[in-house]
Structures are given as C-alpha cells and as structure tokens.
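A.B. asks: Dropping in input-v6.cif, with mmCIF, C-alpha atoms.
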```
data_start
loop_
_atom_site.label_atom_id
_atom_site.label_comp_id
_atom_site.auth_asym_id
_atom_site.auth_seq_id
_atom_site.Cartn_x
_atom_site.Cartn_y
_atom_site.Cartn_z
CA MET A 1 4.62 -11.47 17.92
CA TYR A 2 6.23 -8.07 17.41
CA CYS A 3 5.67 -4.68 15.79
CA LEU A 4 8.30 -3.01 13.65
CA SER A 5 7.19 0.61 14.02
CA PRO A 6 4.17 2.78 14.95
CA HIS A 7 3.34 3.03 11.24
CA HIS A 8 2.04 -0.54 11.34
CA GLY A 9 -0.68 0.41 13.79
CA ARG A 10 -2.78 -2.76 14.07
CA SER A 11 -0.46 -5.12 12.16
CA PHE A 12 2.08 -7.40 13.81
CA ILE A 13 4.65 -9.96 12.66
CA VAL A 14 3.53 -13.31 14.04
CA GLY A 15 5.92 -15.80 12.41
CA ARG A 16 7.81 -17.00 9.33
CA THR A 17 6.80 -19.33 6.53
CA HIS A 18 8.82 -22.43 5.60
CA ASN A 19 10.62 -20.38 2.92
CA GLY A 20 11.42 -17.46 5.23
CA ARG A 21 8.66 -15.00 4.34
CA TYR A 22 7.19 -12.93 7.16
CA ILE A 23 3.67 -13.70 8.37
CA VAL A 24 1.63 -10.61 9.21
CA SER A 25 -1.61 -10.52 11.20
CA LYS A 26 -3.75 -7.40 10.72
CA GLY A 27 -6.49 -6.21 13.08
CA ASN A 28 -4.91 -7.10 16.43
CA GLY A 29 -5.37 -3.76 18.18
CA LEU A 30 -3.17 -0.70 18.29
CA SER A 31 0.58 -0.98 18.75
CA TYR A 32 0.60 2.44 20.46
CA THR A 33 -1.38 3.96 23.37
CA GLN A 34 -2.48 1.88 26.36
CA LEU A 35 -5.77 1.07 24.62
CA SER A 36 -6.28 -1.58 21.95
CA PHE A 37 -9.20 -0.03 20.05
CA LEU A 38 -10.24 3.59 19.62
CA ASN A 39 -13.41 4.75 17.89
CA THR A 40 -13.52 8.50 17.22
CA ARG A 41 -17.21 8.32 16.15
CA GLU A 42 -16.41 10.01 12.84
CA PHE A 43 -16.82 6.95 10.63
CA GLY A 44 -19.41 4.75 12.28
CA ASP A 45 -18.07 1.28 13.04
CA ASP A 46 -14.62 2.03 11.60
CA THR A 47 -12.32 1.74 14.59
CA LEU A 48 -8.58 2.28 14.96
CA GLY A 49 -6.90 -1.03 15.74
CA LEU A 50 -9.86 -3.04 14.48
CA LEU A 51 -10.59 -4.74 11.17
CA LEU A 52 -14.20 -5.00 10.03
CA ARG A 53 -15.38 -8.07 8.11
CA LYS A 54 -16.20 -6.11 4.95
CA ASP A 55 -12.76 -4.49 4.95
CA ALA A 56 -10.91 -7.75 5.67
CA GLU A 57 -12.74 -9.52 2.85
CA ARG A 58 -12.19 -6.69 0.36
CA ASP A 59 -8.48 -6.55 1.23
CA PHE A 60 -8.21 -10.33 0.79
CA GLN A 61 -10.18 -10.55 -2.46
CA ILE A 62 -8.63 -7.60 -4.28
CA GLY A 63 -5.20 -8.61 -2.99
CA GLN A 64 -5.63 -12.00 -4.68
CA GLU A 65 -6.81 -10.27 -7.86
CA ILE A 66 -3.75 -8.01 -7.92
CA GLU A 67 -1.38 -10.91 -7.25
CA ALA A 68 -2.92 -12.72 -10.25
CA LEU A 69 -2.09 -9.70 -12.45
CA GLY A 70 1.61 -10.21 -11.76
CA ILE A 71 2.12 -7.27 -9.43
CA LYS A 72 4.52 -8.02 -6.59
CA THR A 73 2.41 -8.02 -3.45
CA ASN A 74 1.63 -9.87 -0.25
CA HIS A 75 0.30 -13.42 -0.44
CA MET A 76 -3.10 -13.65 1.24
CA GLU A 77 -3.65 -16.55 3.66
CA TYR A 78 -7.04 -16.15 5.34
CA VAL A 79 -9.66 -14.00 7.04
CA LEU A 80 -10.52 -15.09 10.58
CA GLU A 81 -13.57 -14.17 12.68
CA LEU A 82 -12.74 -13.83 16.38
CA ASP A 83 -15.06 -15.42 18.88
CA VAL A 84 -15.44 -12.24 20.94
CA GLU A 85 -17.65 -9.16 20.77
CA LEU A 86 -16.69 -5.55 21.24
CA THR A 87 -18.99 -2.72 22.28
CA LEU A 88 -18.24 0.55 20.49
CA PRO A 89 -18.78 3.99 22.10
CA ASN A 90 -22.04 4.30 20.13
CA GLY A 91 -23.38 1.17 21.82
CA GLN A 92 -23.00 -1.00 18.72
CA ASN A 93 -21.80 -4.57 19.33
CA MET A 94 -19.62 -6.24 16.71
CA LYS A 95 -17.18 -9.08 16.11
CA PRO A 96 -13.64 -8.19 15.04
CA TYR A 97 -11.75 -9.95 12.24
CA LEU A 98 -8.13 -10.71 11.48
CA LEU A 99 -6.46 -10.78 8.07
CA GLN A 100 -3.34 -12.91 7.75
CA TYR A 101 -0.86 -12.72 4.88
CA ASP A 102 2.85 -13.18 4.23
CA VAL A 103 5.42 -10.84 2.68
CA GLU A 104 9.01 -10.95 1.53
CA CYS A 105 9.96 -7.83 3.53
CA PRO A 106 8.16 -6.76 6.71
CA TYR A 107 9.36 -3.13 6.55
CA ARG A 108 7.34 -0.47 4.74
CA ILE A 109 9.00 2.39 2.85
CA CYS A 110 7.82 4.75 5.60
CA ASP A 111 9.68 2.67 8.20
CA ALA A 112 13.06 4.03 7.07
CA ALA A 113 13.43 6.07 10.27
CA PHE A 114 13.07 2.87 12.30
CA MET A 115 15.54 0.83 10.22
CA THR A 116 19.31 0.72 10.27
CA GLN A 117 21.24 1.77 7.17
CA GLU A 118 22.38 -1.84 6.85
CA GLN A 119 18.77 -3.11 6.78
CA ILE A 120 17.89 -0.62 4.05
CA ARG A 121 21.03 -1.47 2.07
CA VAL A 122 20.27 -5.21 2.15
CA GLU A 123 16.77 -4.65 0.77
CA VAL A 124 17.83 -2.14 -1.89
CA GLU A 125 20.59 -4.43 -3.19
CA LYS A 126 17.88 -6.98 -4.01
CA TRP A 127 16.36 -4.48 -6.46
CA GLU A 128 19.13 -5.26 -8.95
CA GLN A 129 17.18 -8.41 -9.77
CA MET A 130 14.44 -6.10 -11.10
CA ASN A 131 16.82 -3.72 -12.89
CA GLU A 132 15.85 -4.58 -16.45
CA ARG A 133 17.19 -1.32 -17.86
CA GLY A 134 20.50 -1.10 -16.06
CA TYR A 135 19.63 2.00 -14.03
CA LYS A 136 22.56 3.36 -12.02
CA LYS A 137 20.42 4.88 -9.28
CA ALA A 138 18.30 2.67 -7.07
CA HIS A 139 15.35 5.05 -6.94
CA MET A 140 14.98 4.69 -10.72
CA ILE A 141 14.75 0.90 -10.38
CA ALA A 142 11.97 1.47 -7.85
CA ALA A 143 10.35 4.09 -10.10
CA HIS A 144 10.15 1.64 -12.97
CA VAL A 145 8.48 -1.01 -10.78
CA LEU A 146 6.03 1.43 -9.17
CA ILE A 147 5.00 3.16 -12.40
CA ARG A 148 4.55 -0.16 -14.19
CA ASN A 149 2.40 -1.37 -11.27
CA LEU A 150 0.21 1.70 -11.62
CA ARG A 151 -0.15 1.09 -15.36
CA ILE A 152 -1.31 -2.49 -14.72
CA LEU A 153 -3.80 -1.36 -12.06
CA HIS A 154 -5.31 1.38 -14.21
CA ASP A 155 -5.42 -0.79 -17.33
CA HIS A 156 -7.63 -3.16 -15.33
CA ASP A 157 -9.73 -0.30 -13.89
CA ILE A 158 -8.43 -0.97 -10.38
CA LEU A 159 -8.18 1.96 -7.98
CA HIS A 160 -5.90 1.28 -5.03
CA ASN A 161 -7.01 4.49 -3.31
CA ALA A 162 -4.21 4.49 -0.73
CA ILE A 163 -0.91 4.65 -2.62
CA HIS A 164 1.73 6.07 -0.32
CA GLU A 165 4.95 5.13 1.50
CA GLN A 166 3.05 3.11 4.08
CA ASN A 167 1.62 0.68 1.54
CA TYR A 168 4.81 -0.36 -0.25
CA THR A 169 7.44 -2.54 1.43
CA TRP A 170 11.18 -2.19 0.87
CA ALA A 171 10.85 -5.26 -1.37
CA LEU A 172 8.57 -3.06 -3.52
CA GLU A 173 5.50 -5.11 -2.61
CA LEU A 174 2.19 -3.25 -2.91
CA LEU A 175 -0.05 -3.82 0.13
CA ASP A 176 -3.38 -2.89 1.76
CA PHE A 177 -6.42 -3.09 -0.50
CA GLU A 178 -9.29 -2.48 1.92
CA LEU A 179 -9.97 0.93 0.30
CA ALA A 180 -9.44 -0.37 -3.24
CA CYS A 181 -12.05 -1.18 -5.85
CA SER A 182 -12.12 -3.10 -9.11
CA PRO A 183 -14.77 -4.10 -11.65
CA THR A 184 -15.03 -7.42 -9.79
CA TYR A 185 -15.29 -5.77 -6.36
CA PRO A 186 -16.82 -2.30 -6.91
CA TYR A 187 -17.84 0.11 -4.19
CA ALA A 188 -21.35 -0.46 -2.92
CA LYS A 189 -22.64 3.11 -2.96
CA GLU A 190 -23.53 4.76 -6.25
CA ASP A 191 -21.89 8.07 -5.34
CA TYR A 192 -18.62 6.24 -4.58
CA ARG A 193 -18.74 4.44 -7.93
CA ARG A 194 -19.49 7.70 -9.72
CA HIS A 195 -16.30 9.38 -8.47
CA VAL A 196 -13.87 6.49 -8.88
CA LYS A 197 -12.56 7.59 -12.31
CA SER A 198 -11.81 11.08 -11.01
CA LEU A 199 -9.45 9.58 -8.40
CA PHE A 200 -7.21 7.72 -10.86
CA PRO A 201 -4.97 10.71 -11.82
CA ARG A 202 -4.28 11.38 -8.13
CA GLU A 203 -2.46 8.04 -7.94
CA ILE A 204 0.09 9.30 -10.48
CA ILE A 205 1.16 12.06 -8.11
CA GLN A 206 1.04 9.74 -5.10
CA THR A 207 3.40 7.34 -6.89
CA TYR A 208 5.74 10.25 -7.70
CA VAL A 209 5.84 11.17 -4.00
CA ILE A 210 6.99 7.65 -3.09
CA ILE A 211 9.78 7.85 -5.68
CA ASN A 212 10.89 11.20 -4.20
CA TYR A 213 10.80 9.69 -0.72
CA ILE A 214 12.94 6.71 -1.74
CA ALA A 215 15.49 8.99 -3.43
CA GLY A 216 15.63 11.11 -0.27
CA VAL A 217 16.16 8.13 2.04
CA LEU A 218 18.91 6.80 -0.22
CA LYS A 219 20.43 10.29 -0.57
CA GLU A 220 20.32 10.05 -4.35
CA GLU A 221 19.90 13.14 -6.52
CA ILE A 222 16.71 12.79 -8.52
CA ASP A 223 16.47 13.82 -12.17
CA PHE A 224 12.86 14.95 -12.52
CA ALA A 225 13.08 15.00 -16.32
CA GLU A 226 14.06 11.33 -16.27
CA VAL A 227 11.22 10.43 -13.93
CA ASP A 228 8.70 12.49 -15.93
CA SER A 229 9.84 10.74 -19.10
CA LEU A 230 9.32 7.33 -17.48
CA PHE A 231 5.78 8.30 -16.44
CA SER A 232 5.09 9.43 -20.02
CA GLU A 233 6.44 6.19 -21.41
CA TYR A 234 3.77 4.34 -19.43
CA GLY A 235 1.04 6.68 -20.61
CA PHE A 236 1.02 9.05 -17.64
CA ASN A 237 1.73 12.39 -19.28
CA LEU A 238 2.01 15.00 -16.54
CA ASN A 239 1.60 17.78 -19.12
CA GLU A 240 -2.07 16.87 -19.32
CA TYR A 241 -2.49 18.21 -15.79
CA GLN A 242 -0.30 21.30 -16.17
CA CYS A 243 -1.75 24.67 -15.23
CA SER A 244 -0.82 27.66 -17.38
CA ILE A 245 0.55 30.82 -15.77
CA ILE A 246 -0.91 34.06 -17.10
CA ASN A 247 1.14 37.22 -16.56
CA HIS A 248 -0.81 40.45 -16.05
#
```
Will you turn the file into structure tokens for me?

C.D. replies:
Amino acid sequence: MYCLSPHHGRSFIVGRTHNGRYIVSKGNGLSYTQLSFLNTREFGDDTLGLLLRKDAERDFQIGQEIEALGIKTNHMEYVLELDVELTLPNGQNMKPYLLQYDVECPYRICDAAFMTQEQIRVEVEKWEQMNERGYKKAHMIAAHVLIRNLRILHDHDILHNAIHEQNYTWALELLDFELACSPTYPYAKEDYRRHVKSLFPREIIQTYVIINYIAGVLKEEIDFAEVDSLFSEYGFNLNEYQCSIINH
C-alpha cells in the first residue's frame, strides 16, 4: 500500500490486477499530517481523509455511467462499509466507507512534480494510440481527448463539477465523480439542481487550463488559435463568453 504524492490525499495504491492495472482504494485517511481524519466543521460530516457513503455511492454509480458512454475512466470495483465508527468533532458518530477501483495509470496530471521525466515520457508516448488526427504536439492529442470527453458529458447532461489536473491521469482517464450529477443521479436539493446548468460553461475553461498545464509540463509551445478552433469544432465557442472592451 503506497501513496504517489500528497495530491492523492486519502487514496492509496493497494495492488495490481491480473492485467497490470493499478488498484486504488479511496477513503483510507490522509497521506499527510500525523492525523488520519480532519473535520474543519465547515461542511458538516464532510471530513478530510474520509469517504461518506453517499459520496462513495455517487462516485461509483456515475463512474459506471461515464464508463458506459465510452469515456476513458477508472473501472469501478466496489464500495465497502468499514466495521468501525468514528466520532467527529461535532459529536456525530458515523461509519466510514472505502471506494475501490482500478486505473491504467496511477499518476494524475498534477503529479508531474513528483514524477521523473522518464515516467512522463512513457505515459505520453502511449497517447499516439489516440492520435487520430496526426497531431505533432502531444498536448494537442490530449486536447482532442479532453474536449471530446466534455462534449460527451454535456450532451448527456452530466456535470462533472471538478474538472482539473487532479482528476485526470497521465493515461487521460477522467476520475472522481462524487461531486458530479446526471439525469440518473441528480443532486438532492432543489437549489443545487437549479444552478447545475449555469456551471456547465465553467467546465470549458477548466478543460482549457488542463491543456495549458500539460503543454507547460511537456515544454511545448501552445497555439491558442488551434486550441480555440478545436473547442469550436466540438460546439464550445469561446466567443459566446467574450466581454467587449469599451474605450472612453
């Protein structure tokens, strides 16, 4: 059982599958500080290092839904209730849960600082298998995959709600769906449901940030016109969100 970097927080690698994929267990306590679980009292039972049942089940269910849509992602294995109870600082007692899944690559995009150049190179070379358009720069291969993923999500009214470098692996697998919602698994509160549509455009910019990050790690010069054009091709026209400058 080992942790790749502090970015993984409560997730640890616990083994390999028969075909060499990495098995991840989520909800095992923090990989940093001397304490396993920290509750800051800001969000009720939500506790750093801990996985609540409702979050584990949402992650599992929407993860399966996204895998069925053909998006490259983790393969969910199970949700496990632990036979222990924790007492939170507010006096609330609760049982923690684990989510187990497997992935092709255990490293997230944000883990670049904790990887060797050789590890990054090995993963990026695999992207050629996804290079349908013959892109010369690796970040454009990634851009095509990420933007297409976003198109599939939005076409099915799925909001990931946490698209950033921490939730994509270097195999371009989309992870972590505990904050996501879909028509099959909507948010419970009416005010959450009411604002879901307004959050969709934000994911366009969040995806762009990941593409910038990848280009920076790989030290590739990015052509913003090329990236903008690719977004437009998939129906994400950035001009729709442009603000006009008025000179006085």

A.B. asks: Pick from A:Arg16, A:Pro96, A:Glu67, A:His144: nearest to Gly29 (chain A), with only C-alpha atoms counted?

C.D. replies: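 Closest to Gly29 (chain A), using only C-alpha atoms: A:Pro96.
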
A.B. asks: Quick one: of A:Leu82, A:Leu35, A:Val145, A:Ala171, who's nearest to Gln119 (chain A), counting all atoms listed in the file?

C.D. replies: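 Ranked by minimum distance to Gln119 (chain A), first place goes to A:Ala171.
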
A.B. asks: Please compute the CA of Cys3 (chain A)-CA of Leu99 (chain A) distance, one decimal, in Å.

C.D. replies: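 CA of Leu99 (chain A) lies 15.6 Å from CA of Cys3 (chain A).
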
A.B. asks: Need the shell around Leu159 (chain A): protein/DNA/RNA residues with any atom at most 8 Å away, counting all atoms listed in the file. Skip same-chain ones fewer than 5 positions apart. Format as JSON, numbers by chain?

C.D. replies: {"A": [153, 154, 180, 181, 182, 196, 199, 200]}

A.B. asks: Write out, as an mmCIF file, in the frame of the given file, the residues just selected, with C-alpha atoms.

C.D. replies:
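The new file part-v3.cif reads:
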```
data_model
loop_
_atom_site.group_PDB
_atom_site.id
_atom_site.type_symbol
_atom_site.label_atom_id
_atom_site.label_comp_id
_atom_site.auth_asym_id
_atom_site.auth_seq_id
_atom_site.Cartn_x
_atom_site.Cartn_y
_atom_site.Cartn_z
ATOM 1 C CA LEU A 153 -3.800 -1.360 -12.060
ATOM 2 C CA HIS A 154 -5.310 1.380 -14.210
ATOM 3 C CA ALA A 180 -9.440 -0.370 -3.240
ATOM 4 C CA CYS A 181 -12.050 -1.180 -5.850
ATOM 5 C CA SER A 182 -12.120 -3.100 -9.110
ATOM 6 C CA VAL A 196 -13.870 6.490 -8.880
ATOM 7 C CA LEU A 199 -9.450 9.580 -8.400
ATOM 8 C CA PHE A 200 -7.210 7.720 -10.860
#
```

A.B. asks: Given the PyMOL selection byres ((chain A and resi 203-207) around 9) and the file above, list the residues it selects as a list of chain:residue names.

C.D. replies: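 Against this file, the PyMOL selection byres ((chain A and resi 203-207) around 9) returns the residues A:Ala143, A:Leu146, A:Ile147, A:Leu150, A:Leu159, A:His160, A:Asn161, A:Ala162, A:Ile163, A:His164, A:Glu165, A:Leu199, A:Phe200, A:Pro201, A:Arg202, A:Tyr208, A:Val209, A:Ile210, A:Ile211, A:Asn212, A:Phe231, A:Phe236, A:Leu238.
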
A.B. asks: Please save C-alpha atoms of the selected residues as a CSV table (one decimal), keeping the file's coordinate frame.

C.D. replies:
```csv
chain,number,residue,atom,x,y,z
A,143,ALA,CA,10.4,4.1,-10.1
A,146,LEU,CA,6.0,1.4,-9.2
A,147,ILE,CA,5.0,3.2,-12.4
A,150,LEU,CA,0.2,1.7,-11.6
A,159,LEU,CA,-8.2,2.0,-8.0
A,160,HIS,CA,-5.9,1.3,-5.0
A,161,ASN,CA,-7.0,4.5,-3.3
A,162,ALA,CA,-4.2,4.5,-0.7
A,163,ILE,CA,-0.9,4.6,-2.6
A,164,HIS,CA,1.7,6.1,-0.3
A,165,GLU,CA,5.0,5.1,1.5
A,199,LEU,CA,-9.4,9.6,-8.4
A,200,PHE,CA,-7.2,7.7,-10.9
A,201,PRO,CA,-5.0,10.7,-11.8
A,202,ARG,CA,-4.3,11.4,-8.1
A,208,TYR,CA,5.7,10.2,-7.7
A,209,VAL,CA,5.8,11.2,-4.0
A,210,ILE,CA,7.0,7.6,-3.1
A,211,ILE,CA,9.8,7.8,-5.7
A,212,ASN,CA,10.9,11.2,-4.2
A,231,PHE,CA,5.8,8.3,-16.4
A,236,PHE,CA,1.0,9.0,-17.6
A,238,LEU,CA,2.0,15.0,-16.5
```

A.B. asks: In Å, with one decimal, what is the gap from CA of Arg194 (chain A) to CA of Thr73 (chain A)?

C.D. replies: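 It comes out at 27.7 Å.
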
A.B. asks: For Leu175 (chain A), list every protein, DNA or RNA residue within 10 Å, evaluated using all atoms listed in the file, and leave out those in the same chain fewer than 6 positions away; present the list as an NGL selection string.

C.D. replies: :A and (59 or 63 or 66 or 72-75 or 103 or 108 or 160 or 162-163 or 166-169)

A.B. asks: Taking all atoms listed in the file into account, name the residue in A:Tyr213, A:Tyr192, A:Phe177, A:Tyr2 that is nearest to Ile109 (chain A).

C.D. replies: A:Tyr213

A.B. asks: Using only C-alpha atoms, which protein or nucleic acid residues come within 10 Å of Pro106 (chain A)? Drop anything in the same chain fewer than 5 positions from it, and give the result as a VMD selection string.

C.D. replies: chain A and resid 3 to 4 8 12 to 13 21 to 24 111 169 to 171 173

A.B. asks: To one decimal place, how far is CA of Glu81 (chain A) from CA of Tyr97 (chain A) in Å?

C.D. replies: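 A separation of 4.6 Å between them.
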
A.B. asks: Which residues, named as in the file, does the PyMOL selection byres ((chain A and resi 76) around 7) pick out? Answer as a list in words.

C.D. replies: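 Those residues are Phe60, Gly63, Gln64, Asn74, His75, Glu77, Tyr78, Gln100, Tyr101 and Asp102 of chain A.
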
A.B. asks: Specify as number ranges by chain each residue included when the PyMOL selection byres ((chain A and resi 184) around 10) is applied to this file.

C.D. replies: A: 61-62, 65, 157-158, 181-183, 185-187

A.B. asks: Which residue, A:Gly91, A:Met115, A:Leu218, A:Asn247, has the smallest gap to Lys137 (chain A) when you use all atoms listed in the file?

C.D. replies: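 The shortest atom-to-atom distance to Lys137 (chain A) comes from A:Leu218.
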
A.B. asks: Do a neighbour search on Leu30 (chain A) at 9 Å with only C-alpha atoms, toss out local chain neighbours closer than 5 positions, and write the hits as a list in words.

C.D. replies: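 Answer for this query is Pro6, His8, Gly9, Arg10, Ser11, Leu35, Ser36, Phe37, Leu38, Leu48, Gly49 and Leu50 of chain A.
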
A.B. asks: Looking at all atoms listed in the file, which of A:Ile245, A:Met130, A:Ala188, A:Leu52 is the one that sits closest to Leu172 (chain A)?

C.D. replies: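 Selected residue with least distance to Leu172 (chain A): A:Met130.
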
A.B. asks: Using all atoms listed in the file, which of the listed residues (A:Asn19, A:Thr87, A:Thr47, A:Ser5) sits closest to Tyr32 (chain A)?

C.D. replies: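 Among the listed residues, A:Ser5 lies closest to Tyr32 (chain A).
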
A.B. asks: Please rebuild region 3-24 of chain A with N, CA, C and O atoms and give the result as an mmCIF file, in the frame of the given file.

C.D. replies:
```cif
data_model
loop_
_atom_site.group_PDB
_atom_site.id
_atom_site.type_symbol
_atom_site.label_atom_id
_atom_site.label_comp_id
_atom_site.auth_asym_id
_atom_site.auth_seq_id
_atom_site.Cartn_x
_atom_site.Cartn_y
_atom_site.Cartn_z
ATOM 1 N N CYS A 3 6.010 -5.779 16.682
ATOM 2 C CA CYS A 3 5.670 -4.680 15.790
ATOM 3 C C CYS A 3 6.943 -3.942 15.414
ATOM 4 O O CYS A 3 7.794 -3.679 16.268
ATOM 5 N N LEU A 4 7.068 -3.622 14.130
ATOM 6 C CA LEU A 4 8.300 -3.010 13.650
ATOM 7 C C LEU A 4 8.368 -1.518 13.894
ATOM 8 O O LEU A 4 9.436 -0.962 14.117
ATOM 9 N N SER A 5 7.211 -0.831 13.804
ATOM 10 C CA SER A 5 7.190 0.610 14.020
ATOM 11 C C SER A 5 5.749 1.059 14.246
ATOM 12 O O SER A 5 4.804 0.312 13.945
ATOM 13 N N PRO A 6 5.543 2.284 14.749
ATOM 14 C CA PRO A 6 4.170 2.780 14.950
ATOM 15 C C PRO A 6 3.375 2.872 13.657
ATOM 16 O O PRO A 6 2.143 2.886 13.694
ATOM 17 N N HIS A 7 4.058 2.927 12.507
ATOM 18 C CA HIS A 7 3.340 3.030 11.240
ATOM 19 C C HIS A 7 2.472 1.806 10.965
ATOM 20 O O HIS A 7 1.535 1.874 10.173
ATOM 21 N N HIS A 8 2.781 0.686 11.606
ATOM 22 C CA HIS A 8 2.040 -0.540 11.340
ATOM 23 C C HIS A 8 0.735 -0.610 12.119
ATOM 24 O O HIS A 8 -0.117 -1.452 11.814
ATOM 25 N N GLY A 9 0.600 0.261 13.103
ATOM 26 C CA GLY A 9 -0.680 0.410 13.790
ATOM 27 C C GLY A 9 -1.239 -0.868 14.362
ATOM 28 O O GLY A 9 -0.900 -1.277 15.469
ATOM 29 N N ARG A 10 -2.078 -1.555 13.594
ATOM 30 C CA ARG A 10 -2.780 -2.760 14.070
ATOM 31 C C ARG A 10 -2.199 -4.041 13.501
ATOM 32 O O ARG A 10 -2.776 -5.108 13.665
ATOM 33 N N SER A 11 -1.065 -3.949 12.788
ATOM 34 C CA SER A 11 -0.460 -5.120 12.160
ATOM 35 C C SER A 11 0.794 -5.548 12.906
ATOM 36 O O SER A 11 1.619 -4.711 13.282
ATOM 37 N N PHE A 12 0.946 -6.851 13.078
ATOM 38 C CA PHE A 12 2.080 -7.400 13.810
ATOM 39 C C PHE A 12 2.682 -8.571 13.034
ATOM 40 O O PHE A 12 1.972 -9.291 12.330
ATOM 41 N N ILE A 13 3.988 -8.770 13.195
ATOM 42 C CA ILE A 13 4.650 -9.960 12.660
ATOM 43 C C ILE A 13 4.400 -11.097 13.643
ATOM 44 O O ILE A 13 4.681 -10.961 14.831
ATOM 45 N N VAL A 14 3.878 -12.212 13.127
ATOM 46 C CA VAL A 14 3.530 -13.310 14.040
ATOM 47 C C VAL A 14 4.303 -14.599 13.728
ATOM 48 O O VAL A 14 4.122 -15.611 14.410
ATOM 49 N N GLY A 15 5.159 -14.600 12.711
ATOM 50 C CA GLY A 15 5.920 -15.800 12.410
ATOM 51 C C GLY A 15 6.590 -15.736 11.064
ATOM 52 O O GLY A 15 6.611 -14.687 10.404
ATOM 53 N N ARG A 16 7.158 -16.872 10.636
ATOM 54 C CA ARG A 16 7.810 -17.000 9.330
ATOM 55 C C ARG A 16 7.254 -18.230 8.627
ATOM 56 O O ARG A 16 6.865 -19.214 9.267
ATOM 57 N N THR A 17 7.215 -18.180 7.313
ATOM 58 C CA THR A 17 6.800 -19.330 6.530
ATOM 59 C C THR A 17 7.983 -20.286 6.373
ATOM 60 O O THR A 17 9.113 -19.953 6.754
ATOM 61 N N HIS A 18 7.744 -21.449 5.777
ATOM 62 C CA HIS A 18 8.820 -22.430 5.600
ATOM 63 C C HIS A 18 9.934 -21.906 4.694
ATOM 64 O O HIS A 18 11.077 -22.348 4.787
ATOM 65 N N ASN A 19 9.595 -20.941 3.809
ATOM 66 C CA ASN A 19 10.620 -20.380 2.920
ATOM 67 C C ASN A 19 11.106 -19.012 3.375
ATOM 68 O O ASN A 19 11.718 -18.267 2.607
ATOM 69 N N GLY A 20 10.822 -18.651 4.629
ATOM 70 C CA GLY A 20 11.420 -17.460 5.230
ATOM 71 C C GLY A 20 10.643 -16.173 5.080
ATOM 72 O O GLY A 20 11.106 -15.114 5.515
ATOM 73 N N ARG A 21 9.465 -16.210 4.450
ATOM 74 C CA ARG A 21 8.660 -15.000 4.340
ATOM 75 C C ARG A 21 8.045 -14.672 5.704
ATOM 76 O O ARG A 21 7.875 -15.543 6.551
ATOM 77 N N TYR A 22 7.720 -13.393 5.888
ATOM 78 C CA TYR A 22 7.190 -12.930 7.160
ATOM 79 C C TYR A 22 5.665 -13.015 7.165
ATOM 80 O O TYR A 22 5.003 -12.563 6.224
ATOM 81 N N ILE A 23 5.114 -13.576 8.229
ATOM 82 C CA ILE A 23 3.670 -13.700 8.370
ATOM 83 C C ILE A 23 3.145 -12.516 9.169
ATOM 84 O O ILE A 23 3.617 -12.240 10.278
ATOM 85 N N VAL A 24 2.192 -11.804 8.592
ATOM 86 C CA VAL A 24 1.630 -10.610 9.210
ATOM 87 C C VAL A 24 0.171 -10.865 9.567
ATOM 88 O O VAL A 24 -0.590 -11.412 8.769
#
```
